[in-house]
$ cat start-v7.cif   # mmCIF, C-alpha atoms
data_data
#
loop_
_atom_site.label_atom_id
_atom_site.label_comp_id
_atom_site.auth_asym_id
_atom_site.auth_seq_id
_atom_site.Cartn_x
_atom_site.Cartn_y
_atom_site.Cartn_z
CA MET M 1 117.14 92.14 115.78
CA ASN M 2 117.95 92.31 119.48
CA ASP M 3 118.04 96.10 119.45
CA LEU M 4 114.35 96.42 118.57
CA PRO M 5 112.22 98.24 121.14
CA PRO M 6 108.99 96.49 122.20
CA PRO M 7 105.85 97.19 120.14
CA THR M 8 103.53 99.96 121.29
CA THR M 9 99.84 100.28 120.37
CA LEU M 10 99.07 103.56 118.60
CA ALA M 11 95.34 102.88 118.34
CA GLU M 12 92.98 99.99 118.94
CA GLY M 13 89.78 99.45 116.96
CA LYS M 14 87.26 96.67 117.33
CA TYR M 15 88.98 94.35 114.83
CA LEU M 16 92.35 95.98 114.07
CA ARG M 17 95.04 97.77 116.00
CA LEU M 18 97.75 100.07 114.72
CA VAL M 19 101.14 99.17 116.18
CA ALA M 20 104.52 100.94 116.14
CA ARG M 21 107.84 99.21 116.74
CA GLY M 22 110.96 101.28 116.33
CA HIS M 23 110.60 103.21 113.07
CA TRP M 24 108.00 100.77 111.71
CA GLU M 25 104.17 100.86 111.78
CA TYR M 26 101.88 97.94 111.03
CA ALA M 27 98.36 96.62 111.53
CA GLU M 28 97.36 93.52 113.44
CA ARG M 29 94.01 91.93 114.15
CA THR M 30 92.73 92.26 117.69
CA THR M 31 91.01 88.87 117.84
CA ALA M 32 92.02 86.54 115.02
CA THR M 33 94.98 84.24 115.58
CA GLY M 34 95.57 83.17 112.00
CA ALA M 35 94.23 83.24 108.45
CA VAL M 36 93.57 80.40 106.03
CA ALA M 37 93.01 80.18 102.27
CA ILE M 38 91.64 77.06 100.65
CA VAL M 39 92.47 75.72 97.18
CA ALA M 40 89.36 73.60 96.73
CA MET M 41 89.24 71.33 93.68
CA THR M 42 86.18 69.37 92.65
CA ASP M 43 86.45 65.89 91.16
CA GLU M 44 85.67 67.53 87.78
CA ARG M 45 88.84 69.68 88.07
CA ARG M 46 86.93 72.84 88.89
CA LEU M 47 88.46 75.39 91.24
CA VAL M 48 86.01 76.77 93.81
CA LEU M 49 86.34 80.56 94.11
CA VAL M 50 84.36 83.22 95.93
CA GLU M 51 83.48 86.76 94.95
CA GLN M 52 82.46 89.53 97.33
CA PHE M 53 82.53 93.31 97.55
CA ARG M 54 85.50 94.27 99.72
CA ILE M 55 85.16 97.57 101.53
CA PRO M 56 88.91 98.27 101.94
CA VAL M 57 89.50 98.21 98.17
CA GLY M 58 85.99 99.44 97.25
CA ALA M 59 85.46 96.79 94.58
CA PRO M 60 84.33 93.22 94.03
CA VAL M 61 87.18 90.75 94.57
CA ILE M 62 87.53 87.14 93.40
CA GLU M 63 89.46 85.14 95.97
CA LEU M 64 90.16 81.71 97.32
CA PRO M 65 87.66 80.75 100.02
CA ALA M 66 89.34 82.09 103.15
CA GLY M 67 88.82 83.12 106.72
CA LEU M 68 90.20 83.81 110.13
CA ALA M 69 90.97 81.46 112.96
CA GLY M 70 89.91 82.53 116.41
CA ASP M 71 87.38 85.15 115.33
CA VAL M 72 84.36 83.03 116.22
CA ILE M 73 84.30 83.06 119.97
CA GLU M 74 81.99 80.10 120.46
CA VAL M 75 84.13 77.64 118.56
CA GLU M 76 87.65 78.64 119.54
CA PRO M 77 90.25 77.43 120.01
CA GLU M 78 90.11 75.82 116.61
CA SER M 79 92.94 74.44 114.56
CA LEU M 80 93.79 76.03 111.24
CA ALA M 81 92.63 72.93 109.35
CA ALA M 82 89.31 73.05 111.21
CA THR M 83 89.03 76.74 110.33
CA ALA M 84 89.66 75.88 106.69
CA ARG M 85 86.90 73.24 106.76
CA ARG M 86 84.46 75.61 108.44
CA GLU M 87 85.15 78.53 106.09
CA LEU M 88 84.99 76.36 102.97
CA LEU M 89 81.62 74.99 104.04
CA GLU M 90 80.21 78.38 105.10
CA GLU M 91 81.34 80.22 102.00
CA THR M 92 80.89 77.58 99.30
CA GLY M 93 78.68 74.83 100.73
CA TYR M 94 81.40 72.22 100.13
CA GLU M 95 82.48 69.65 102.68
CA ALA M 96 86.00 68.34 102.09
CA ALA M 97 87.00 64.71 102.63
CA GLU M 98 90.64 65.78 102.73
CA MET M 99 92.16 69.07 103.91
CA ARG M 100 95.90 69.07 103.30
CA LEU M 101 98.42 71.72 104.40
CA LEU M 102 100.31 73.31 101.50
CA ALA M 103 102.36 76.23 102.87
CA ALA M 104 102.12 79.39 104.95
CA GLY M 105 103.44 82.88 104.40
CA PRO M 106 102.88 86.58 105.08
CA THR M 107 100.40 88.41 102.84
CA SER M 108 102.10 91.81 103.17
CA ALA M 109 105.02 91.58 105.57
CA GLY M 110 105.69 95.32 105.59
CA LEU M 111 102.10 96.26 106.41
CA SER M 112 100.72 93.68 108.83
CA ASN M 113 101.56 90.59 110.85
CA GLU M 114 99.05 88.51 108.88
CA VAL M 115 100.28 85.06 107.87
CA VAL M 116 98.00 82.99 105.66
CA THR M 117 98.10 79.20 105.64
CA PHE M 118 97.15 77.54 102.35
CA PHE M 119 95.24 74.26 102.32
CA HIS M 120 94.29 71.93 99.48
CA ALA M 121 90.73 70.67 99.85
CA SER M 122 89.67 67.58 97.88
CA GLY M 123 86.97 64.95 97.93
CA LEU M 124 84.40 67.75 97.86
CA LYS M 125 80.73 67.12 98.57
CA LYS M 126 78.17 69.89 98.05
CA LEU M 127 75.95 70.23 101.15
CA HIS M 128 74.34 73.61 100.48
CA ASP M 129 74.68 76.75 98.36
CA GLY M 130 77.24 78.54 100.57
CA GLY M 131 77.24 82.32 100.62
CA GLY M 132 78.89 82.92 103.97
CA ASP M 133 77.50 84.11 107.26
CA PRO M 134 74.67 86.68 107.46
CA HIS M 135 77.17 89.59 107.22
CA GLU M 136 78.69 88.32 103.99
CA GLN M 137 77.34 88.43 100.45
CA ILE M 138 79.36 85.83 98.66
CA THR M 139 78.96 84.48 95.14
CA VAL M 140 80.53 81.11 94.39
CA HIS M 141 82.28 80.47 91.05
CA GLU M 142 83.62 77.16 89.77
CA PRO M 143 85.72 77.67 86.63
CA THR M 144 87.50 74.62 85.25
CA LEU M 145 91.25 74.62 85.77
CA ASP M 146 91.77 74.66 82.01
CA ALA M 147 89.61 77.79 81.64
CA LEU M 148 90.79 79.49 84.83
CA ASP M 149 93.30 81.97 83.41
CA ALA M 150 91.09 83.15 80.56
CA TRP M 151 88.12 83.46 82.90
CA LEU M 152 90.07 85.52 85.44
CA GLN M 153 91.44 87.81 82.72
CA GLU M 154 87.92 88.41 81.47
CA ARG M 155 86.67 89.21 84.97
CA ALA M 156 89.64 91.52 85.63
CA ALA M 157 88.93 93.37 82.37
CA GLY M 158 85.42 93.97 83.70
CA GLY M 159 86.69 95.72 86.83
CA THR M 160 86.72 92.87 89.33
CA LEU M 161 89.93 92.58 91.34
CA ILE M 162 91.70 89.22 91.38
CA ASP M 163 93.46 88.17 94.57
CA PRO M 164 96.97 86.95 93.61
CA LYS M 165 96.68 84.25 96.29
CA ILE M 166 94.61 82.36 93.70
CA PHE M 167 97.74 82.05 91.54
CA ALA M 168 99.92 81.17 94.52
CA GLY M 169 97.44 78.50 95.64
CA VAL M 170 97.17 76.87 92.22
CA TYR M 171 100.98 76.94 91.94
CA LEU M 172 101.31 75.20 95.31
CA VAL M 173 98.78 72.49 94.48
CA LYS M 174 100.43 71.85 91.10
CA LEU M 175 103.80 71.70 92.85
CA SER M 176 102.46 69.08 95.23
CA GLY M 177 101.59 66.92 92.23
CA LYS M 178 97.92 66.59 93.14
CA PHE M 179 96.54 67.57 89.76
CA MET T 1 77.26 99.27 97.76
CA ASN T 2 75.45 102.62 97.65
CA ASP T 3 74.38 102.33 101.26
CA LEU T 4 77.95 102.44 102.57
CA PRO T 5 78.72 105.36 104.86
CA PRO T 6 81.88 107.35 104.05
CA PRO T 7 85.16 106.17 105.59
CA THR T 8 86.24 107.72 108.89
CA THR T 9 89.81 107.81 110.20
CA LEU T 10 90.12 106.13 113.59
CA ALA T 11 93.82 106.91 113.97
CA GLU T 12 96.61 108.29 111.83
CA GLY T 13 100.24 107.29 112.24
CA LYS T 14 103.23 108.47 110.25
CA TYR T 15 102.94 105.75 107.59
CA LEU T 16 99.61 104.02 108.23
CA ARG T 17 96.11 105.05 109.19
CA LEU T 18 93.35 102.96 110.67
CA VAL T 19 90.04 103.50 108.86
CA ALA T 20 86.47 102.45 109.63
CA ARG T 21 83.69 102.26 107.06
CA GLY T 22 80.38 100.90 108.19
CA HIS T 23 81.08 97.75 110.19
CA TRP T 24 84.52 97.27 108.59
CA GLU T 25 87.99 98.35 109.73
CA TYR T 26 91.10 98.42 107.57
CA ALA T 27 94.57 99.93 107.25
CA GLU T 28 95.80 102.22 104.51
CA ARG T 29 99.13 103.89 103.87
CA THR T 30 99.25 107.63 104.48
CA THR T 31 101.71 108.42 101.68
CA ALA T 32 102.17 105.57 99.21
CA THR T 33 99.90 105.44 96.19
CA GLY T 34 100.63 101.89 95.06
CA ALA T 35 102.81 98.85 95.56
CA VAL T 36 104.85 96.87 93.05
CA ALA T 37 106.46 93.42 93.06
CA ILE T 38 108.99 92.41 90.45
CA VAL T 39 109.53 88.93 89.00
CA ALA T 40 113.10 89.46 87.82
CA MET T 41 114.66 86.69 85.74
CA THR T 42 118.29 86.64 84.69
CA ASP T 43 119.37 85.34 81.30
CA GLU T 44 120.59 82.22 83.15
CA ARG T 45 117.00 81.49 84.33
CA ARG T 46 117.70 82.61 87.89
CA LEU T 47 114.94 84.31 89.90
CA VAL T 48 116.14 87.36 91.83
CA LEU T 49 114.74 87.34 95.39
CA VAL T 50 115.37 89.46 98.44
CA GLU T 51 115.51 88.55 102.12
CA GLN T 52 115.05 90.94 105.01
CA PHE T 53 113.92 90.92 108.62
CA ARG T 54 110.32 92.16 108.70
CA ILE T 55 109.25 93.81 111.93
CA PRO T 56 105.48 93.14 111.57
CA VAL T 57 106.00 89.36 111.41
CA GLY T 58 109.15 89.34 113.57
CA ALA T 59 111.08 87.08 111.22
CA PRO T 60 113.24 87.05 108.09
CA VAL T 61 111.11 86.94 104.95
CA ILE T 62 112.08 85.95 101.41
CA GLU T 63 110.14 88.04 98.90
CA LEU T 64 110.05 89.33 95.38
CA PRO T 65 111.85 92.66 95.10
CA ALA T 66 109.10 95.14 95.89
CA GLY T 67 108.32 98.64 96.97
CA LEU T 68 105.93 101.51 97.19
CA ALA T 69 105.08 104.17 94.66
CA GLY T 70 104.82 107.70 95.91
CA ASP T 71 106.70 107.20 99.15
CA VAL T 72 109.84 108.97 97.98
CA ILE T 73 108.85 112.59 97.95
CA GLU T 74 111.69 113.85 95.77
CA VAL T 75 110.87 111.61 92.84
CA GLU T 76 107.07 111.56 92.80
CA PRO T 77 104.91 111.38 90.88
CA GLU T 78 106.37 108.25 89.39
CA SER T 79 104.67 105.60 87.33
CA LEU T 80 104.38 102.09 88.69
CA ALA T 81 106.81 100.76 86.06
CA ALA T 82 109.32 103.43 87.05
CA THR T 83 108.85 102.43 90.68
CA ALA T 84 109.50 98.82 89.75
CA ARG T 85 112.74 99.79 87.96
CA ARG T 86 113.86 101.92 90.89
CA GLU T 87 113.09 99.30 93.54
CA LEU T 88 114.69 96.46 91.56
CA LEU T 89 117.88 98.48 91.14
CA GLU T 90 117.97 99.69 94.77
CA GLU T 91 117.29 96.29 96.29
CA THR T 92 119.17 93.97 93.93
CA GLY T 93 121.54 96.11 91.84
CA TYR T 94 119.90 94.94 88.61
CA GLU T 95 118.88 97.26 85.80
CA ALA T 96 116.15 95.82 83.58
CA ALA T 97 116.05 96.29 79.80
CA GLU T 98 112.36 95.35 79.84
CA MET T 99 109.76 95.88 82.58
CA ARG T 100 106.48 94.29 81.55
CA LEU T 101 103.14 94.52 83.41
CA LEU T 102 101.76 91.14 84.47
CA ALA T 103 98.71 91.74 86.69
CA ALA T 104 97.51 93.60 89.75
CA GLY T 105 95.53 92.51 92.77
CA PRO T 106 94.86 93.11 96.46
CA THR T 107 97.27 91.51 98.95
CA SER T 108 94.71 91.17 101.74
CA ALA T 109 91.41 92.71 100.68
CA GLY T 110 89.77 92.33 104.10
CA LEU T 111 92.62 94.03 105.97
CA SER T 112 93.91 96.87 103.82
CA ASN T 113 93.43 98.77 100.58
CA GLU T 114 96.85 97.66 99.30
CA VAL T 115 96.89 96.56 95.67
CA VAL T 116 100.16 95.18 94.34
CA THR T 117 101.09 95.35 90.66
CA PHE T 118 103.32 92.55 89.38
CA PHE T 119 105.97 93.22 86.74
CA HIS T 120 108.24 90.88 84.81
CA ALA T 121 111.78 92.25 84.56
CA SER T 122 114.11 90.83 81.93
CA GLY T 123 117.30 91.76 80.13
CA LEU T 124 118.94 92.20 83.53
CA LYS T 125 122.32 93.90 83.92
CA LYS T 126 124.07 93.95 87.29
CA LEU T 127 125.16 97.48 88.15
CA HIS T 128 125.95 97.09 91.86
CA ASP T 129 125.37 94.77 94.84
CA GLY T 130 121.93 96.10 95.82
CA GLY T 131 120.90 95.95 99.44
CA GLY T 132 118.28 98.67 99.53
CA ASP T 133 118.35 102.14 100.98
CA PRO T 134 120.20 102.95 104.23
CA HIS T 135 117.18 101.88 106.34
CA GLU T 136 117.01 98.43 104.78
CA GLN T 137 119.20 95.38 105.30
CA ILE T 138 118.53 93.28 102.27
CA THR T 139 120.22 90.08 101.14
CA VAL T 140 119.88 89.13 97.48
CA HIS T 141 119.36 85.50 96.45
CA GLU T 142 119.35 84.08 92.93
CA PRO T 143 118.15 80.48 92.90
CA THR T 144 117.68 78.86 89.50
CA LEU T 145 114.08 78.37 88.47
CA ASP T 146 114.60 74.60 88.43
CA ALA T 147 115.86 74.65 92.03
CA LEU T 148 113.45 77.29 93.31
CA ASP T 149 110.86 75.12 95.01
CA ALA T 150 113.36 72.89 96.81
CA TRP T 151 115.40 75.92 97.87
CA LEU T 152 112.34 77.72 99.28
CA GLN T 153 111.21 74.60 101.15
CA GLU T 154 114.64 74.30 102.71
CA ARG T 155 114.62 77.97 103.76
CA ALA T 156 111.09 77.66 105.16
CA ALA T 157 112.13 74.62 107.19
CA GLY T 158 114.88 76.80 108.70
CA GLY T 159 112.37 79.35 109.99
CA THR T 160 112.41 81.92 107.20
CA LEU T 161 108.98 83.01 106.01
CA ILE T 162 108.23 82.76 102.29
CA ASP T 163 106.00 85.44 100.75
CA PRO T 164 103.35 83.65 98.63
CA LYS T 165 103.61 86.45 96.07
CA ILE T 166 106.73 84.63 94.86
CA PHE T 167 104.51 81.72 93.75
CA ALA T 168 101.92 84.07 92.25
CA GLY T 169 104.61 85.94 90.34
CA VAL T 170 106.24 82.84 88.89
CA TYR T 171 102.78 81.54 87.93
CA LEU T 172 102.01 84.79 86.11
CA VAL T 173 105.29 84.84 84.19
CA LYS T 174 104.86 81.18 83.20
CA LEU T 175 101.32 81.99 82.10
CA SER T 176 102.60 84.79 79.91
CA GLY T 177 104.78 82.27 78.10
CA LYS T 178 108.00 84.13 78.78
CA PHE T 179 109.92 81.17 80.19
#
$ encode --input "start-v7.cif" --output "structure tokens"
Amino acid sequence: MNDLPPPTTLAEGKYLRLVARGHWEYAERTTATGAVAIVAMTDERRLVLVEQFRIPVGAPVIELPAGLAGDVIEVEPESLAATARRELLEETGYEAAEMRLLAAGPTSAGLSNEVVTFFHASGLKKLHDGGGDPHEQITVHEPTLDALDAWLQERAAGGTLIDPKIFAGVYLVKLSGKF
Amino acid sequence: MNDLPPPTTLAEGKYLRLVARGHWEYAERTTATGAVAIVAMTDERRLVLVEQFRIPVGAPVIELPAGLAGDVIEVEPESLAATARRELLEETGYEAAEMRLLAAGPTSAGLSNEVVTFFHASGLKKLHDGGGDPHEQITVHEPTLDALDAWLQERAAGGTLIDPKIFAGVYLVKLSGKF
């Protein structure tokens, strides 16, 4: 696409900016340099998920533990794997012996430049209760893999939104032959 | 979250607006009322995928056929299933005998209010070559399900981004026992 004009900033917030390029508009983060999502499996074949109220969608959302690289000024630059370890520990209290890259891809390629990198965390050791940083109110869930689909359907029926990256993450770990 | 202040618009573009609510910022579409993604399977167990250059990520992306509800003024209001039928036909040339709801969820609940609804399209009949509307340059791919993972890995290694909603969609169709 050599005929594309350069991007121009339409507006800049504290965390997000609105960008136009040619006929297209999209959002990008002002500080973060990447996003990670972690498929964390305990030795008992439980998947570690987090639930939090998400202001943009106005509802509680069940998601993979996740976070942004480069948004914590004191610790940057940090690698994506280090970000995944930090976020998993902060949000769920689990330390991972192994953090393995699965795949990366755009979350909504028409809307933003966000690319999320999936990791598989294993060899988990519980260090504390998790819950995120002081700005976050995170509940940790640990359904068994066998009960996962029924449990998510039940939660969805109750009005909680389910992030489809959970399904993508489980697919990717199964594909990698690790459970 | 009763203590949340109302949302305020920081900036409004033609297609996207930047919104602040309390300490949070997010993007929302100005016109579209929903998003759909279609897991379209041919009778020969081929998955119908689309590839297009995506300006926000600056790269070609392989995705499920997808689109927005409510962004075509002449045909709104349209149901999400009708949107899925329209987008599948426009982008891939396939008409679907059955369009079945799978699940819905937020694509990036910290960044935008976008919720995508997944459909399973079956009984496909090719009516034309697809390719999208005049603003889109879409290539249609039809890997077999058995070859899907290897094919996507090969394309990713060549620099094409892979939308993780492909994995989520295949997971959801497999879960529904339809292939």
$ closest_residue --input "start-v7.cif" --among "M:Ser79, M:Met41, M:Pro56, M:Phe118" --to "M:Tyr94" --atoms "only C-alpha atoms"
M:Met41
$ resolve_selection --input "start-v7.cif" --expression "the PyMOL selection byres ((chain M and resi 52) around 9)" --output "PyMOL selection string"
chain M and resi 50-51+53-54+59-63+136-139
$ atom_distance --input "start-v7.cif" --atom1 "atom CA of M:Gly93" --atom2 "atom CA of T:His23"
24.9 Å
$ calpha_fit_and_write --input "start-v7.cif" --fixed "chain T" --moving "chain M" --output "compact mmCIF listing (two decimals) with C-alpha atoms, in the coordinates of the input"
# COMPACT_ATOMS: atom_id res chain seq x y z
CA MET M 1 77.26 99.25 97.73
CA ASN M 2 75.45 102.58 97.61
CA ASP M 3 74.37 102.31 101.23
CA LEU M 4 77.93 102.43 102.57
CA PRO M 5 78.71 105.36 104.85
CA PRO M 6 81.87 107.35 104.04
CA PRO M 7 85.15 106.17 105.60
CA THR M 8 86.24 107.73 108.88
CA THR M 9 89.81 107.81 110.21
CA LEU M 10 90.13 106.12 113.61
CA ALA M 11 93.83 106.91 113.98
CA GLU M 12 96.62 108.29 111.83
CA GLY M 13 100.26 107.28 112.22
CA LYS M 14 103.23 108.47 110.23
CA TYR M 15 102.95 105.74 107.57
CA LEU M 16 99.61 104.01 108.23
CA ARG M 17 96.11 105.05 109.19
CA LEU M 18 93.34 102.95 110.68
CA VAL M 19 90.05 103.50 108.86
CA ALA M 20 86.47 102.46 109.64
CA ARG M 21 83.70 102.25 107.06
CA GLY M 22 80.38 100.89 108.20
CA HIS M 23 81.08 97.74 110.21
CA TRP M 24 84.51 97.27 108.60
CA GLU M 25 88.01 98.36 109.73
CA TYR M 26 91.11 98.42 107.56
CA ALA M 27 94.58 99.93 107.25
CA GLU M 28 95.81 102.21 104.51
CA ARG M 29 99.13 103.89 103.88
CA THR M 30 99.26 107.61 104.49
CA THR M 31 101.71 108.42 101.70
CA ALA M 32 102.17 105.57 99.23
CA THR M 33 99.90 105.46 96.20
CA GLY M 34 100.62 101.92 95.07
CA ALA M 35 102.81 98.86 95.56
CA VAL M 36 104.84 96.88 93.05
CA ALA M 37 106.45 93.42 93.06
CA ILE M 38 108.99 92.42 90.46
CA VAL M 39 109.53 88.94 89.00
CA ALA M 40 113.10 89.46 87.82
CA MET M 41 114.65 86.70 85.72
CA THR M 42 118.28 86.64 84.69
CA ASP M 43 119.37 85.34 81.29
CA GLU M 44 120.58 82.20 83.14
CA ARG M 45 116.99 81.50 84.34
CA ARG M 46 117.69 82.62 87.88
CA LEU M 47 114.95 84.32 89.88
CA VAL M 48 116.14 87.36 91.83
CA LEU M 49 114.74 87.34 95.38
CA VAL M 50 115.36 89.46 98.45
CA GLU M 51 115.50 88.55 102.11
CA GLN M 52 115.05 90.94 105.01
CA PHE M 53 113.91 90.91 108.63
CA ARG M 54 110.32 92.15 108.70
CA ILE M 55 109.25 93.79 111.94
CA PRO M 56 105.49 93.13 111.58
CA VAL M 57 105.99 89.35 111.42
CA GLY M 58 109.16 89.34 113.58
CA ALA M 59 111.09 87.07 111.22
CA PRO M 60 113.24 87.05 108.11
CA VAL M 61 111.11 86.95 104.94
CA ILE M 62 112.08 85.95 101.40
CA GLU M 63 110.13 88.02 98.90
CA LEU M 64 110.03 89.34 95.39
CA PRO M 65 111.85 92.66 95.10
CA ALA M 66 109.09 95.14 95.88
CA GLY M 67 108.32 98.65 96.95
CA LEU M 68 105.92 101.52 97.18
CA ALA M 69 105.07 104.18 94.66
CA GLY M 70 104.82 107.71 95.92
CA ASP M 71 106.75 107.20 99.15
CA VAL M 72 109.86 108.99 97.92
CA ILE M 73 108.88 112.61 97.91
CA GLU M 74 111.68 113.87 95.68
CA VAL M 75 110.88 111.62 92.76
CA GLU M 76 107.09 111.56 92.75
CA PRO M 77 104.88 111.39 90.86
CA GLU M 78 106.37 108.25 89.41
CA SER M 79 104.69 105.60 87.35
CA LEU M 80 104.38 102.09 88.70
CA ALA M 81 106.80 100.76 86.07
CA ALA M 82 109.33 103.43 87.06
CA THR M 83 108.84 102.44 90.70
CA ALA M 84 109.48 98.83 89.76
CA ARG M 85 112.72 99.79 87.97
CA ARG M 86 113.88 101.92 90.89
CA GLU M 87 113.11 99.30 93.55
CA LEU M 88 114.69 96.47 91.56
CA LEU M 89 117.88 98.48 91.15
CA GLU M 90 117.98 99.68 94.77
CA GLU M 91 117.29 96.29 96.29
CA THR M 92 119.15 93.97 93.92
CA GLY M 93 121.54 96.09 91.85
CA TYR M 94 119.89 94.94 88.61
CA GLU M 95 118.88 97.26 85.80
CA ALA M 96 116.14 95.83 83.59
CA ALA M 97 116.04 96.29 79.81
CA GLU M 98 112.36 95.35 79.85
CA MET M 99 109.76 95.89 82.57
CA ARG M 100 106.47 94.30 81.56
CA LEU M 101 103.13 94.52 83.40
CA LEU M 102 101.75 91.14 84.47
CA ALA M 103 98.70 91.73 86.69
CA ALA M 104 97.51 93.61 89.76
CA GLY M 105 95.51 92.52 92.76
CA PRO M 106 94.85 93.11 96.46
CA THR M 107 97.26 91.51 98.94
CA SER M 108 94.69 91.17 101.74
CA ALA M 109 91.40 92.71 100.68
CA GLY M 110 89.78 92.33 104.09
CA LEU M 111 92.62 94.02 105.97
CA SER M 112 93.92 96.87 103.82
CA ASN M 113 93.42 98.77 100.58
CA GLU M 114 96.83 97.67 99.30
CA VAL M 115 96.89 96.58 95.67
CA VAL M 116 100.16 95.18 94.34
CA THR M 117 101.09 95.36 90.66
CA PHE M 118 103.31 92.55 89.38
CA PHE M 119 105.96 93.23 86.75
CA HIS M 120 108.23 90.89 84.82
CA ALA M 121 111.76 92.27 84.57
CA SER M 122 114.10 90.84 81.92
CA GLY M 123 117.29 91.77 80.13
CA LEU M 124 118.93 92.22 83.53
CA LYS M 125 122.30 93.92 83.91
CA LYS M 126 124.07 93.95 87.29
CA LEU M 127 125.18 97.50 88.17
CA HIS M 128 125.94 97.09 91.87
CA ASP M 129 125.37 94.77 94.83
CA GLY M 130 121.92 96.11 95.82
CA GLY M 131 120.90 95.93 99.45
CA GLY M 132 118.30 98.68 99.52
CA ASP M 133 118.36 102.14 100.99
CA PRO M 134 120.24 102.94 104.23
CA HIS M 135 117.21 101.87 106.35
CA GLU M 136 117.03 98.43 104.77
CA GLN M 137 119.22 95.38 105.30
CA ILE M 138 118.54 93.27 102.28
CA THR M 139 120.23 90.07 101.15
CA VAL M 140 119.89 89.13 97.49
CA HIS M 141 119.35 85.49 96.46
CA GLU M 142 119.35 84.09 92.93
CA PRO M 143 118.13 80.48 92.90
CA THR M 144 117.68 78.86 89.50
CA LEU M 145 114.07 78.36 88.47
CA ASP M 146 114.61 74.60 88.43
CA ALA M 147 115.87 74.64 92.04
CA LEU M 148 113.45 77.29 93.29
CA ASP M 149 110.86 75.10 95.02
CA ALA M 150 113.37 72.88 96.80
CA TRP M 151 115.39 75.91 97.87
CA LEU M 152 112.34 77.71 99.28
CA GLN M 153 111.21 74.59 101.15
CA GLU M 154 114.64 74.30 102.71
CA ARG M 155 114.62 77.95 103.77
CA ALA M 156 111.08 77.65 105.16
CA ALA M 157 112.13 74.60 107.19
CA GLY M 158 114.85 76.78 108.71
CA GLY M 159 112.36 79.35 109.99
CA THR M 160 112.41 81.91 107.20
CA LEU M 161 108.97 83.00 106.01
CA ILE M 162 108.22 82.77 102.29
CA ASP M 163 106.00 85.43 100.75
CA PRO M 164 103.35 83.64 98.63
CA LYS M 165 103.60 86.45 96.07
CA ILE M 166 106.73 84.63 94.86
CA PHE M 167 104.51 81.73 93.74
CA ALA M 168 101.92 84.06 92.25
CA GLY M 169 104.62 85.96 90.34
CA VAL M 170 106.24 82.84 88.90
CA TYR M 171 102.78 81.55 87.94
CA LEU M 172 102.02 84.80 86.11
CA VAL M 173 105.30 84.84 84.21
CA LYS M 174 104.88 81.19 83.20
CA LEU M 175 101.32 81.98 82.11
CA SER M 176 102.61 84.78 79.92
CA GLY M 177 104.81 82.26 78.13
CA LYS M 178 108.04 84.13 78.80
CA PHE M 179 109.98 81.19 80.17
$ interface_residues --input "start-v7.cif" --of "chain T" --to "chain M" --cutoff "8 Å" --atoms "all atoms listed in the file" --output "ChimeraX atom specification"
/T:1,10-11,13-18,21,24-27,53-57,61,104-115,161-169,171-172
$ closest_residue --input "start-v7.cif" --among "M:Arg100, M:Glu91, M:Arg86, M:Phe119" --to "M:Val36" --atoms "all atoms listed in the file"
M:Phe119
$ atom_distance --input "start-v7.cif" --atom1 "atom CA of M:Asp129" --atom2 "atom CA of M:Met99"
19.9 Å
$ resolve_selection --input "start-v7.cif" --expression "the PyMOL selection byres ((chain T and resi 146) around 12)" --output "ChimeraX atom specification"
/T:44-47,142-145,147-152,170,179
